[in-house]
Amino acid sequence: MVQVAAEKTEMKTLSALTQTLEKAGFNTQFLVLEEGIKSLASDRLYKPNQVKIVNFYRFEGDSSPEDNAILYAIEAISGERGLLIDAYGSEGDINTSNFIVEVESIHKQEHTHHSYN
C-alpha cells in the first residue's frame, strides 16, 4: 500500500491528490480500452492480470452526482506506475468498472491461493 504523505487539506481535491501521487512516482495516465488498460506515456497495453491497484480514492461532489470521481493508483507488471480517473455511480464508464472488477478478482484469488500454501 502506498503511503501518501499529505495534509488533509491537500487530499480534499482530485487535482491536489493527483499531484501528490505524481510526486510519489505515479507518472503516467492510464486509459481503459476493450483490450485492456493503456499507458499514455509508454503506449503499452496491459491485461487485468498484469496490473495491481495500489490504492484508490473517492471524491464526492458537493452539489451534483456528476462530480463523483474515483482515482486509482496503479502499478503494472513492468514497474510502470500511473493513475486512472473514472466517474463512479451512474456516470461511471462500464469498461473501466469491468476492468477494475477483474483486477480486484484476480488479486483476491491470488491472496486466497497464497494463504493456503
# chains A, B, ... in the order shown; residues from 1 in each chain; ligands from 1

$ residues_around --residues "range 39-41 of chain A" --least-positions-apart "2" --cutoff "7 Å" --atoms "only C-alpha atoms" --output "MDAnalysis selection string"
chainID A and resid 28:31 37 43:45

$ residues_around --residues "Ala69 in chain A" --least-positions-apart "6" --cutoff "6 Å" --atoms "only C-alpha atoms" --output "short mmCIF file (atom, residue, chain, number, x, y, z; two decimals) with C-alpha atoms, in the first residue's frame"
data_model
loop_
_atom_site.label_atom_id
_atom_site.label_comp_id
_atom_site.auth_asym_id
_atom_site.auth_seq_id
_atom_site.Cartn_x
_atom_site.Cartn_y
_atom_site.Cartn_z
CA ARG A 58 -13.17 8.55 -3.88
CA PHE A 59 -14.28 12.12 -4.33
CA ASP A 86 -13.15 7.49 -13.51
CA ALA A 87 -16.54 8.78 -12.53
CA TYR A 88 -18.49 6.42 -10.31
#

$ residues_around --residues "Asn95 in chain A" --least-positions-apart "4" --cutoff "8 Å" --atoms "only C-alpha atoms" --output "number ranges by chain"
A: 32-34, 99

$ select_by_dssp --residues "range 32-101 of chain A" --states "strand (DSSP E or B)" --output "VMD selection string"
chain A and resid 32 to 33 36 to 39 45 to 46 51 to 59 69 to 76 81 to 87

$ atom_distance --atom1 "CA of Thr96 in chain A" --atom2 "CA of Ile53 in chain A"
12.8 Å

$ atom_distance --atom1 "CA of Ala24 in chain A" --atom2 "CA of Ser97 in chain A"
25.0 Å

$ residues_around --residues "range 46-52 of chain A" --least-positions-apart "3" --cutoff "6 Å" --atoms "only C-alpha atoms" --output "JSON list (two decimals) with C-alpha atoms, in the first residue's frame"
[["chain", "number", "residue", "atom", "x", "y", "z"],
["A", 36, "GLY", "CA", -7.02, -3.75, -21.57],
["A", 37, "ILE", "CA", -5.53, -0.70, -19.91],
["A", 74, "ILE", "CA", -1.98, 1.51, -10.48],
["A", 75, "GLU", "CA", 1.26, -0.41, -10.88],
["A", 76, "ALA", "CA", 1.89, -2.57, -13.94],
["A", 77, "ILE", "CA", 3.96, -5.73, -14.09],
["A", 103, "VAL", "CA", -8.21, -6.81, -11.48]]

$ atom_distance --atom1 "CA of Phe26 in chain A" --atom2 "CA of Ile94 in chain A"
23.7 Å

$ closest_residue --among "A:Asp93, A:Lys108, A:Ala16, A:Asn98" --to "Glu35 in chain A" --atoms "only C-alpha atoms"
A:Asn98
